[in-house]
$ cat entry_34.txt   # compact mmCIF, C-alpha atoms
# COMPACT_ATOMS: atom_id res chain seq x y z
CA MET A 1 29.97 -16.82 3.24
CA LYS A 2 26.46 -16.30 4.62
CA ARG A 3 23.61 -15.88 2.18
CA LEU A 4 20.74 -13.40 2.58
CA VAL A 5 17.94 -13.66 0.03
CA ILE A 6 15.30 -10.93 -0.29
CA LEU A 7 12.15 -11.80 -2.20
CA GLY A 8 10.58 -8.72 -3.76
CA ALA A 9 12.10 -5.40 -4.85
CA GLY A 10 9.24 -3.11 -3.96
CA THR A 11 9.37 -0.48 -1.22
CA ALA A 12 10.23 -2.84 1.63
CA GLY A 13 12.62 -5.11 -0.30
CA THR A 14 14.56 -2.28 -1.94
CA THR A 15 14.82 -0.20 1.23
CA VAL A 16 16.02 -3.08 3.39
CA ALA A 17 18.58 -4.10 0.76
CA ASN A 18 19.98 -0.56 0.75
CA ARG A 19 20.13 -0.49 4.54
CA LEU A 20 21.68 -3.92 5.07
CA VAL A 21 24.32 -3.58 2.35
CA ARG A 22 25.88 -0.88 4.54
CA GLU A 23 25.77 -3.02 7.67
CA LEU A 24 26.83 -6.50 6.50
CA GLU A 25 30.49 -7.10 5.65
CA PRO A 26 30.94 -7.90 1.93
CA GLU A 27 33.56 -10.52 2.76
CA GLU A 28 31.04 -12.36 4.95
CA TRP A 29 27.64 -11.81 3.31
CA GLU A 30 26.14 -12.37 -0.13
CA ILE A 31 22.89 -10.43 -0.69
CA THR A 32 20.48 -11.46 -3.46
CA VAL A 33 17.22 -9.77 -4.43
CA VAL A 34 14.64 -11.54 -6.61
CA ASP A 35 11.74 -9.89 -8.44
CA ALA A 36 9.87 -10.72 -11.65
CA ASN A 37 9.39 -7.09 -12.74
CA PRO A 38 12.25 -4.84 -13.90
CA THR A 39 10.18 -1.70 -13.19
CA HIS A 40 9.71 -0.03 -9.82
CA TYR A 41 6.36 1.72 -9.35
CA TYR A 42 5.63 4.65 -7.08
CA GLN A 43 2.22 3.24 -6.24
CA PRO A 44 0.86 6.25 -4.29
CA GLY A 45 1.14 8.15 -7.57
CA PHE A 46 -1.43 5.92 -9.30
CA LEU A 47 -4.13 7.89 -7.44
CA PHE A 48 -3.25 11.10 -9.28
CA ILE A 49 -3.06 9.73 -12.84
CA PRO A 50 -6.85 9.56 -13.51
CA PHE A 51 -7.11 13.29 -12.73
CA GLY A 52 -4.14 14.35 -14.87
CA ILE A 53 -2.01 15.42 -11.89
CA TYR A 54 0.71 12.84 -12.59
CA SER A 55 1.64 11.07 -15.78
CA LYS A 56 2.88 7.54 -16.29
CA ASN A 57 6.52 8.68 -16.35
CA ASP A 58 6.18 10.23 -12.89
CA VAL A 59 5.63 6.85 -11.23
CA ILE A 60 8.08 4.43 -12.88
CA LYS A 61 11.83 3.86 -12.61
CA PRO A 62 14.12 0.86 -13.32
CA ARG A 63 14.46 -1.36 -10.24
CA ARG A 64 18.16 -1.90 -10.86
CA ASP A 65 18.81 1.84 -10.49
CA TYR A 66 17.71 1.68 -6.86
CA LEU A 67 19.62 -1.41 -5.77
CA PRO A 68 23.30 -1.22 -4.73
CA SER A 69 25.79 -2.63 -7.24
CA ARG A 70 26.98 -5.10 -4.61
CA VAL A 71 23.52 -6.65 -4.44
CA LYS A 72 22.86 -9.44 -6.92
CA PHE A 73 19.53 -8.79 -8.67
CA ILE A 74 17.79 -11.73 -10.30
CA LEU A 75 14.87 -10.98 -12.62
CA SER A 76 12.64 -13.99 -12.19
CA GLU A 77 9.31 -15.25 -10.97
CA ILE A 78 9.42 -17.08 -7.64
CA GLU A 79 8.20 -20.63 -7.90
CA ALA A 80 8.20 -21.54 -4.20
CA ILE A 81 9.95 -21.21 -0.87
CA GLU A 82 11.18 -24.44 0.70
CA PRO A 83 11.81 -23.56 4.37
CA ASP A 84 12.68 -27.14 5.33
CA LYS A 85 15.60 -27.01 2.86
CA ASN A 86 16.47 -23.32 3.36
CA ARG A 87 16.14 -22.54 -0.32
CA VAL A 88 13.97 -20.73 -2.86
CA ARG A 89 13.00 -22.21 -6.20
CA ILE A 90 12.84 -19.62 -8.97
CA LYS A 91 11.69 -19.85 -12.58
CA ALA A 92 14.86 -18.43 -14.18
CA ASP A 93 16.97 -21.36 -15.33
CA ARG A 94 14.94 -23.51 -12.91
CA GLN A 95 17.50 -22.76 -10.25
CA TYR A 96 17.50 -22.96 -6.46
CA LEU A 97 18.74 -20.15 -4.23
CA PRO A 98 19.98 -21.43 -0.88
CA TYR A 99 19.80 -19.02 2.04
CA ASP A 100 20.89 -18.67 5.64
CA TYR A 101 18.33 -15.92 6.18
CA LEU A 102 15.33 -15.02 4.08
CA ILE A 103 13.36 -11.76 3.93
CA ILE A 104 9.94 -12.02 2.30
CA ALA A 105 8.76 -8.71 0.82
CA THR A 106 6.51 -10.00 -1.94
CA GLY A 107 3.77 -7.43 -1.35
CA ALA A 108 0.03 -7.44 -1.84
CA HIS A 109 -1.73 -7.57 -5.19
CA PRO A 110 -5.22 -6.57 -6.42
CA ARG A 111 -7.28 -9.59 -7.45
CA PRO A 112 -10.32 -8.45 -9.45
CA ASP A 113 -10.73 -12.05 -10.60
CA GLU A 114 -11.91 -12.95 -7.09
CA THR A 115 -15.17 -10.97 -7.46
CA PRO A 116 -17.63 -12.38 -10.03
CA GLY A 117 -18.56 -9.97 -12.79
CA ILE A 118 -15.76 -7.44 -12.46
CA LEU A 119 -13.71 -8.77 -15.36
CA GLU A 120 -16.62 -9.43 -17.70
CA LYS A 121 -17.57 -7.39 -20.78
CA GLU A 122 -17.48 -3.95 -19.11
CA TRP A 123 -13.92 -4.16 -17.69
CA ARG A 124 -12.12 -0.90 -18.55
CA LYS A 125 -15.36 0.35 -20.21
CA SER A 126 -17.67 1.15 -17.31
CA VAL A 127 -15.73 -0.76 -14.63
CA PHE A 128 -12.25 0.47 -13.74
CA ASP A 129 -9.51 0.18 -11.14
CA PHE A 130 -6.73 2.62 -10.27
CA TYR A 131 -4.54 0.35 -8.11
CA THR A 132 -2.62 -0.72 -11.21
CA LEU A 133 -0.78 1.54 -13.64
CA ASP A 134 -2.74 0.27 -16.64
CA GLY A 135 -6.00 0.77 -14.74
CA ALA A 136 -5.12 4.32 -13.71
CA VAL A 137 -4.13 5.25 -17.28
CA ALA A 138 -7.33 3.74 -18.71
CA LEU A 139 -9.43 5.58 -16.13
CA ARG A 140 -7.73 8.86 -17.05
CA LYS A 141 -8.89 8.40 -20.64
CA LYS A 142 -12.43 7.60 -19.48
CA LEU A 143 -12.74 10.63 -17.18
CA ARG A 144 -11.59 12.96 -19.97
CA GLU A 145 -14.60 11.97 -22.06
CA TRP A 146 -17.18 11.24 -19.34
CA GLN A 147 -20.09 13.66 -19.28
CA GLY A 148 -21.54 12.76 -15.90
CA GLY A 149 -23.77 10.25 -14.16
CA ARG A 150 -23.48 8.09 -11.06
CA LEU A 151 -19.87 7.30 -10.10
CA VAL A 152 -19.51 4.59 -7.45
CA VAL A 153 -16.25 3.86 -5.64
CA ASN A 154 -16.40 0.41 -4.04
CA VAL A 155 -13.91 -1.19 -1.67
CA VAL A 156 -14.39 -4.96 -1.99
CA ASP A 157 -12.79 -5.96 1.31
CA MET A 158 -9.98 -5.22 3.74
CA PRO A 159 -7.01 -5.29 3.93
CA ILE A 160 -5.99 -3.23 0.92
CA LYS A 161 -2.87 -1.27 0.05
CA CYS A 162 -3.10 2.30 1.32
CA PRO A 163 -6.53 2.13 3.02
CA VAL A 164 -7.09 5.88 2.60
CA ALA A 165 -6.58 5.90 -1.19
CA PRO A 166 -10.23 5.09 -2.04
CA LEU A 167 -11.35 8.07 0.06
CA GLU A 168 -8.71 10.24 -1.59
CA PHE A 169 -10.00 9.16 -4.99
CA ILE A 170 -13.56 10.24 -4.28
CA PHE A 171 -12.40 13.53 -2.72
CA LEU A 172 -10.31 14.24 -5.82
CA ALA A 173 -13.24 13.25 -8.04
CA ASP A 174 -15.34 15.90 -6.29
CA TRP A 175 -12.61 18.48 -6.97
CA TYR A 176 -12.02 17.29 -10.55
CA PHE A 177 -15.66 17.50 -11.61
CA HIS A 178 -15.93 20.95 -10.07
CA GLU A 179 -12.90 21.96 -12.16
CA GLU A 180 -14.51 20.46 -15.28
CA GLY A 181 -17.73 22.35 -14.58
CA ILE A 182 -19.91 19.23 -14.41
CA ARG A 183 -20.09 18.51 -10.65
CA ASP A 184 -23.85 19.18 -10.76
CA LYS A 185 -24.14 16.35 -13.31
CA VAL A 186 -22.20 13.82 -11.19
CA GLU A 187 -23.52 11.76 -8.29
CA LEU A 188 -20.67 10.45 -6.10
CA VAL A 189 -21.16 7.34 -3.95
CA TYR A 190 -18.63 5.70 -1.60
CA VAL A 191 -19.41 2.04 -0.85
CA THR A 192 -17.36 0.30 1.84
CA PRO A 193 -17.43 -2.90 3.90
CA LEU A 194 -16.51 -0.82 6.96
CA PRO A 195 -19.15 0.57 9.36
CA GLY A 196 -17.95 4.09 8.52
CA ALA A 197 -15.62 6.07 6.30
CA PHE A 198 -12.46 4.67 7.97
CA THR A 199 -11.35 1.97 10.41
CA LYS A 200 -10.64 4.21 13.44
CA PRO A 201 -13.52 6.03 15.25
CA LYS A 202 -12.21 9.62 15.43
CA ALA A 203 -10.87 9.60 11.87
CA SER A 204 -14.00 7.84 10.61
CA GLU A 205 -16.22 10.53 12.12
CA ILE A 206 -14.19 13.41 10.65
CA LEU A 207 -13.85 11.81 7.21
CA GLY A 208 -17.52 10.84 7.22
CA ASN A 209 -18.46 14.45 7.91
CA MET A 210 -16.25 15.54 5.00
CA LEU A 211 -18.07 13.15 2.68
CA GLU A 212 -21.39 14.63 3.77
CA GLU A 213 -20.17 18.22 3.37
CA LYS A 214 -18.98 17.47 -0.16
CA GLY A 215 -22.30 15.89 -1.11
CA ILE A 216 -20.88 12.36 -1.37
CA GLU A 217 -23.17 9.51 -0.38
CA LEU A 218 -21.71 6.94 2.05
CA VAL A 219 -22.93 3.32 1.89
CA PRO A 220 -21.33 1.42 4.84
CA ASP A 221 -21.37 -2.30 5.78
CA PHE A 222 -21.62 -3.33 2.12
CA LEU A 223 -20.00 -6.71 1.47
CA ILE A 224 -19.99 -7.14 -2.28
CA GLU A 225 -20.74 -10.59 -3.66
CA ARG A 226 -20.81 -9.83 -7.40
CA VAL A 227 -21.04 -7.22 -10.12
CA ASP A 228 -23.82 -7.35 -12.71
CA PRO A 229 -22.24 -5.45 -15.64
CA GLU A 230 -25.41 -5.64 -17.79
CA LYS A 231 -27.71 -4.09 -15.17
CA LYS A 232 -24.81 -1.93 -13.94
CA VAL A 233 -25.29 -2.75 -10.27
CA ILE A 234 -23.07 -4.13 -7.53
CA ILE A 235 -24.77 -6.69 -5.31
CA SER A 236 -23.95 -7.56 -1.69
CA TYR A 237 -24.20 -10.95 -0.01
CA ASP A 238 -27.52 -9.86 1.52
CA GLU A 239 -28.77 -8.87 -1.98
CA GLN A 240 -28.54 -5.11 -1.45
CA GLU A 241 -27.98 -3.40 -4.80
CA VAL A 242 -26.11 -0.19 -5.61
CA PRO A 243 -26.50 1.07 -9.21
CA TYR A 244 -23.72 2.82 -11.10
CA ASP A 245 -22.94 4.41 -14.43
CA LEU A 246 -19.20 4.31 -13.76
CA LEU A 247 -17.75 1.87 -11.21
CA VAL A 248 -14.30 2.37 -9.71
CA THR A 249 -13.43 -0.82 -7.85
CA ILE A 250 -10.75 -1.43 -5.27
CA PRO A 251 -10.50 -5.22 -5.63
CA LEU A 252 -9.74 -7.80 -3.00
CA HIS A 253 -6.02 -7.83 -2.20
CA MET A 254 -4.00 -11.01 -1.72
CA GLY A 255 -0.40 -11.90 -1.12
CA SER A 256 1.89 -13.46 -3.72
CA GLU A 257 0.82 -16.74 -5.32
CA ALA A 258 4.33 -17.98 -4.50
CA ILE A 259 3.33 -17.84 -0.82
CA GLU A 260 0.31 -20.02 -1.58
CA ARG A 261 2.43 -22.49 -3.57
CA SER A 262 4.87 -22.64 -0.64
CA GLY A 263 2.12 -23.43 1.86
CA ILE A 264 3.31 -20.80 4.35
CA GLY A 265 0.52 -18.22 4.12
CA ASP A 266 -3.00 -17.65 5.43
CA ASP A 267 -6.21 -17.71 3.37
CA LEU A 268 -5.19 -14.47 1.62
CA ASN A 269 -1.57 -15.58 1.06
CA PHE A 270 -0.15 -13.26 3.73
CA VAL A 271 2.59 -14.72 5.92
CA PRO A 272 1.79 -15.14 9.65
CA THR A 273 4.27 -12.74 11.27
CA ASP A 274 5.10 -11.68 14.82
CA LYS A 275 3.67 -8.16 14.87
CA HIS A 276 6.49 -6.73 17.00
CA THR A 277 9.63 -8.54 15.78
CA LEU A 278 8.56 -9.16 12.13
CA LYS A 279 9.88 -12.73 12.26
CA ALA A 280 7.77 -15.34 10.51
CA LYS A 281 5.91 -17.12 13.29
CA GLU A 282 6.82 -20.63 12.15
CA PHE A 283 10.41 -20.11 10.98
CA ASP A 284 13.46 -18.90 12.87
CA ASN A 285 15.44 -17.63 9.87
CA ILE A 286 12.64 -15.98 7.88
CA PHE A 287 11.46 -12.38 8.30
CA VAL A 288 8.56 -10.64 6.60
CA LEU A 289 8.37 -6.94 5.69
CA GLY A 290 5.87 -4.60 4.06
CA ASP A 291 2.55 -5.73 2.64
CA ALA A 292 3.45 -9.44 2.67
CA THR A 293 2.80 -9.69 6.43
CA ASP A 294 -0.48 -10.42 8.19
CA VAL A 295 0.20 -7.88 10.96
CA PRO A 296 -2.81 -5.69 11.86
CA THR A 297 -1.60 -2.38 10.51
CA SER A 298 -1.96 -0.49 7.23
CA LYS A 299 -0.41 -1.88 4.07
CA ALA A 300 1.31 1.37 3.12
CA GLY A 301 4.72 2.74 2.16
CA SER A 302 5.14 4.54 5.50
CA VAL A 303 4.61 1.27 7.34
CA ALA A 304 7.23 -0.48 5.20
CA HIS A 305 9.63 2.37 5.98
CA PHE A 306 9.03 2.14 9.74
CA MET A 307 9.30 -1.65 9.61
CA VAL A 308 12.72 -1.45 7.96
CA ASP A 309 13.89 1.17 10.47
CA VAL A 310 13.24 -1.12 13.43
CA PHE A 311 14.05 -4.38 11.65
CA VAL A 312 17.63 -3.60 10.64
CA PRO A 313 19.11 -3.10 14.15
CA ASN A 314 17.02 -6.01 15.40
CA PHE A 315 18.32 -8.28 12.62
CA LEU A 316 21.91 -7.28 13.41
CA ARG A 317 21.30 -8.31 17.03
CA TYR A 318 19.75 -11.60 15.93
CA ILE A 319 22.60 -12.71 13.65
CA ASP A 320 24.96 -12.05 16.56
CA GLY A 321 23.02 -14.52 18.70
CA LEU A 322 20.96 -12.02 20.71
CA GLU A 323 17.20 -12.12 21.23
CA LEU A 324 14.92 -10.04 19.06
CA LYS A 325 13.37 -6.99 20.66
CA PRO A 326 9.63 -6.28 20.23
CA THR A 327 10.33 -2.91 18.62
CA PHE A 328 7.71 -2.51 15.86
CA ASP A 329 4.57 -0.82 17.18
CA GLY A 330 2.46 -0.79 14.00
CA HIS A 331 3.24 2.84 13.25
CA ALA A 332 1.47 4.26 10.18
CA ASN A 333 1.59 7.81 8.89
CA CYS A 334 -0.63 8.84 5.97
CA TYR A 335 -1.49 12.00 4.08
CA ILE A 336 -5.05 12.06 2.78
CA GLU A 337 -5.47 14.26 -0.29
CA SER A 338 -8.87 15.93 0.08
CA GLY A 339 -8.98 18.05 -3.09
CA PHE A 340 -8.89 21.79 -3.77
CA GLY A 341 -5.20 21.93 -2.77
CA LYS A 342 -5.75 20.62 0.74
CA GLY A 343 -4.98 17.45 2.67
CA ILE A 344 -5.25 15.72 6.04
CA LEU A 345 -2.53 13.91 8.01
CA ILE A 346 -3.14 10.92 10.27
CA ASP A 347 -0.58 9.24 12.54
CA PHE A 348 -1.36 6.07 14.52
CA ASN A 349 -0.21 2.60 15.55
CA TYR A 350 -1.51 -0.69 16.98
CA GLU A 351 -2.73 0.93 20.20
CA VAL A 352 -3.26 4.62 19.40
CA GLU A 353 -5.89 5.74 16.89
CA PRO A 354 -5.42 8.88 14.77
CA LEU A 355 -5.65 11.89 17.06
CA PRO A 356 -5.86 15.66 16.47
CA GLY A 357 -2.91 17.91 17.20
CA LYS A 358 0.35 18.79 15.49
CA PHE A 359 2.92 16.45 13.91
CA PRO A 360 6.48 17.73 14.47
CA LEU A 361 8.82 17.51 11.48
CA PRO A 362 12.20 19.26 11.74
CA ALA A 363 12.82 22.10 9.25
CA VAL A 364 9.47 21.56 7.52
CA GLY A 365 6.63 21.03 10.03
CA PRO A 366 4.67 20.99 12.12
CA PHE A 367 1.80 19.50 10.12
CA SER A 368 -1.77 19.57 11.43
CA LEU A 369 -3.27 16.20 12.40
CA LEU A 370 -6.86 15.35 11.46
CA GLN A 371 -7.28 18.82 10.02
CA GLU A 372 -7.63 19.85 6.38
CA THR A 373 -4.78 22.22 5.44
CA ARG A 374 -2.77 23.32 2.40
CA MET A 375 0.42 22.37 4.24
CA ASN A 376 -0.72 18.74 4.33
CA HIS A 377 -1.39 18.83 0.60
CA TRP A 378 2.16 19.99 -0.08
CA GLY A 379 3.47 17.33 2.30
CA LYS A 380 1.72 14.76 0.10
CA MET A 381 3.17 16.28 -3.07
CA LEU A 382 6.70 16.46 -1.60
CA PHE A 383 6.62 12.82 -0.64
CA ARG A 384 7.14 11.58 -4.22
CA TRP A 385 10.56 13.29 -4.34
CA MET A 386 11.40 11.96 -0.87
CA TYR A 387 10.38 8.46 -1.93
CA TRP A 388 12.68 8.30 -4.97
CA ASN A 389 15.63 10.16 -3.42
CA ILE A 390 15.60 9.32 0.29
CA LEU A 391 13.26 6.56 1.47
CA LEU A 392 13.90 4.00 -1.28
CA LYS A 393 17.67 4.46 -1.04
CA GLY A 394 17.58 3.71 2.67
CA LYS A 395 18.69 7.18 3.72
CA HIS A 396 17.72 8.72 7.04
CA MET A 397 14.33 10.42 7.23
CA PRO A 398 13.48 12.79 10.10
CA ILE A 399 10.52 10.73 11.30
CA THR A 400 10.74 8.36 14.26
CA ALA A 401 9.94 4.72 13.54
CA GLN A 402 7.91 4.42 16.74
CA LEU A 403 4.83 6.57 17.23
CA THR A 404 5.42 9.66 19.35
CA MET A 405 2.67 11.35 21.34
CA ALA A 406 4.40 14.72 21.01
CA GLY A 407 1.91 17.29 19.76
CA LYS A 408 -1.11 14.99 19.98
CA TRP A 409 -4.07 15.59 22.23
CA TYR A 410 -7.08 13.55 23.26

$ encode --input "entry_34.txt" --output "structure tokens"
Amino acid sequence: MKRLVILGAGTAGTTVANRLVRELEPEEWEITVVDANPTHYYQPGFLFIPFGIYSKNDVIKPRRDYLPSRVKFILSEIEAIEPDKNRVRIKADRQYLPYDYLIIATGAHPRPDETPGILEKEWRKSVFDFYTLDGAVALRKKLREWQGGRLVVNVVDMPIKCPVAPLEFIFLADWYFHEEGIRDKVELVYVTPLPGAFTKPKASEILGNMLEEKGIELVPDFLIERVDPEKKVIISYDEQEVPYDLLVTIPLHMGSEAIERSGIGDDLNFVPTDKHTLKAKEFDNIFVLGDATDVPTSKAGSVAHFMVDVFVPNFLRYIDGLELKPTFDGHANCYIESGFGKGILIDFNYEVEPLPGKFPLPAVGPFSLLQETRMNHWGKMLFRWMYWNILLKGKHMPITAQLTMAGKWY
């Protein structure tokens, strides 16, 4: 009996478990999934909670409900991976899980503790996050009572989960305060370590223009060093200061502490991974999926989906003694909610930046690329249903894993 252990039951871990359980013979393979949290979160939904669009119940489900009955699910913290012994040490009953193959899908996690001042006296009073469920719920309560002032959205550093979410937040804030009738009392400021609104030139230009049109100030190249909660300013390493009345922070993101304890990660606890095969660079029987990798693409649900799509047939080749194919191209596909019932769609990979055009989607599309439309907004809204009912269960979605140039133009 061969043993496959999957660490993490988030988007990547759950999806790959659902896909592989159909491909690996039950008489020959034992599949085990380990995660410390019994609840699965639809993390893209956190964005909508502060504005009252979603509630807490819209974004949570039991993890066990989305894992096949044949898969053994162990609820436990991961102590460490021991690659030299082909085993994982977990906290539950202090047991070891031996493996023949290991899939690491332990994700990325916000670390507000890494920036001095964020977690001091004003945490969840005038300083908030929305990348956690508790943070999003607390921010919803704050916005309901807030009467206006200077709202600053600050991205501490890259990479972060869903790189467009901070932009979406400030676009939705613009819409929300218009709806509340106090937009004239609110100053919106977007502070980023990037040289522009986004990482890719064409998208950055278009999104930057949207910020300007909506009256949102952009502060680029800002590398935050600390927060001074008494003076209510954020301070960069070169001592530039940005004042705020309400600070919405997107903290530094890091990989699992179990990766650090195992000594197999980089400085941010992400696992060095071949960007085309998704095999851990230093280990022949370990693969890495989703946000746990260090590959240079977005840490987003669409990327995890595309990774799983190309990984599964490649893994089946590999266990049969064949060479891995370099099939993952860094494909990312993201809706950007821009407020007022509209959205933008971007589609790109390692080599191709987001381009204008049309994105073909059978029976539903096409969707406009790099253009604000109502159709893109409804694509964003529909995705929550698709996530729970199709993507997470490993069912086929009508989107190619590799980027297609169909419909795009330079």

$ residues_near_point --input "entry_34.txt" --point "(0.4, -1.7, 7.7)" --cutoff "10 Å" --atoms "only C-alpha atoms" --output "PyMOL selection string"
chain A and resi 159-163+289-304+306-307+330-333+349-350

$ closest_atom_pairs --input "entry_34.txt" --of "range 186-265 of chain A" --to "range 27-50 of chain A" --cutoff "12 Å" --atoms "only C-alpha atoms" --output "Markdown table"
| residue | atom | partner | partner_atom | distance |
| --- | --- | --- | --- | --- |
| A:Val248 | CA | A:Pro50 | CA | 11.0 |
| A:Ile250 | CA | A:Leu47 | CA | 11.6 |
| A:Ser256 | CA | A:Asp35 | CA | 11.5 |
| A:Ala258 | CA | A:Ala36 | CA | 11.6 |

$ write_last_selection --input "entry_34.txt" --atoms "C-alpha atoms" --output "PDB file, in the frame of the given file"
ATOM      1  CA  VAL A 248     -14.300   2.370  -9.710  1.00  0.00           C
ATOM      2  CA  ILE A 250     -10.750  -1.430  -5.270  1.00  0.00           C
ATOM      3  CA  SER A 256       1.890 -13.460  -3.720  1.00  0.00           C
ATOM      4  CA  ALA A 258       4.330 -17.980  -4.500  1.00  0.00           C
TER       5      ALA A 258
END

$ closest_residue --input "entry_34.txt" --among "A:Ile104, A:Leu20, A:Leu278, A:Leu7" --to "Phe73 in chain A" --atoms "all atoms listed in the file"
A:Leu7

$ residues_around --input "entry_34.txt" --residues "Met210 in chain A" --least-positions-apart "6" --cutoff "10 Å" --atoms "only C-alpha atoms" --output "list in words"
Phe171, Ala197, Ser204, Ile216, Ser338 and Glu372 of chain A

$ write_last_selection --input "entry_34.txt" --atoms "C-alpha atoms" --output "PDB file, in the coordinates of the input"
ATOM      1  CA  PHE A 171     -12.400  13.530  -2.720  1.00  0.00           C
ATOM      2  CA  ALA A 197     -15.620   6.070   6.300  1.00  0.00           C
ATOM      3  CA  SER A 204     -14.000   7.840  10.610  1.00  0.00           C
ATOM      4  CA  ILE A 216     -20.880  12.360  -1.370  1.00  0.00           C
ATOM      5  CA  SER A 338      -8.870  15.930   0.080  1.00  0.00           C
ATOM      6  CA  GLU A 372      -7.630  19.850   6.380  1.00  0.00           C
TER       7      GLU A 372
END

$ closest_residue --input "entry_34.txt" --among "A:Asn285, A:Pro62, A:Ile224, A:Glu114" --to "Leu268 in chain A" --atoms "only C-alpha atoms"
A:Glu114

$ closest_residue --input "entry_34.txt" --among "A:Val21, A:Ile81, A:Ile170, A:Val156" --to "His253 in chain A" --atoms "all atoms listed in the file"
A:Val156

$ axis_aligned_box --input "entry_34.txt" --around "range 317-333 of chain A" --padding-each-side "6 Å" --output "JSON"
{"center_x": 13.2, "center_y": -3.4, "center_z": 15.1, "size_x": 35.5, "size_y": 34.3, "size_z": 24.3}

$ residues_near_point --input "entry_34.txt" --point "(14.1, -24.0, -10.0)" --cutoff "12 Å" --atoms "only C-alpha atoms" --output "NGL selection string"
:A and (76-82 or 87-98)

$ closest_residue --input "entry_34.txt" --among "A:Lys202, A:Thr400, A:Lys232, A:Pro220" --to "Leu369 in chain A" --atoms "all atoms listed in the file"
A:Lys202

$ atom_distance --input "entry_34.txt" --atom1 "CA of Phe340 in chain A" --atom2 "CA of Glu180 in chain A"
12.9 Å

$ atom_distance --input "entry_34.txt" --atom1 "CA of Ala105 in chain A" --atom2 "CA of Gly8 in chain A"
4.9 Å

$ closest_residue --input "entry_34.txt" --among "A:Leu223, A:Met386, A:Leu246, A:Leu167" --to "Gly208 in chain A" --atoms "only C-alpha atoms"
A:Leu167

$ atom_distance --input "entry_34.txt" --atom1 "CA of Leu382 in chain A" --atom2 "CA of Arg144 in chain A"
26.2 Å

$ closest_residue --input "entry_34.txt" --among "A:Trp146, A:Tyr387, A:Phe315, A:Trp123" --to "Ile182 in chain A" --atoms "all atoms listed in the file"
A:Trp146

$ residues_around --input "entry_34.txt" --residues "Leu370 in chain A" --least-positions-apart "2" --cutoff "7 Å" --atoms "all atoms listed in the file" --output "PyMOL selection string"
chain A and resi 344-346+355-356+368+372

$ residues_around --input "entry_34.txt" --residues "Thr327 in chain A" --least-positions-apart "4" --cutoff "8 Å" --atoms "only C-alpha atoms" --output "NGL selection string"
:A and (276-277 or 310 or 402)

$ residues_around --input "entry_34.txt" --residues "Ile264 in chain A" --least-positions-apart "4" --cutoff "9 Å" --atoms "all atoms listed in the file" --output "ChimeraX atom specification"
/A:81,83,259-260,269-272,282
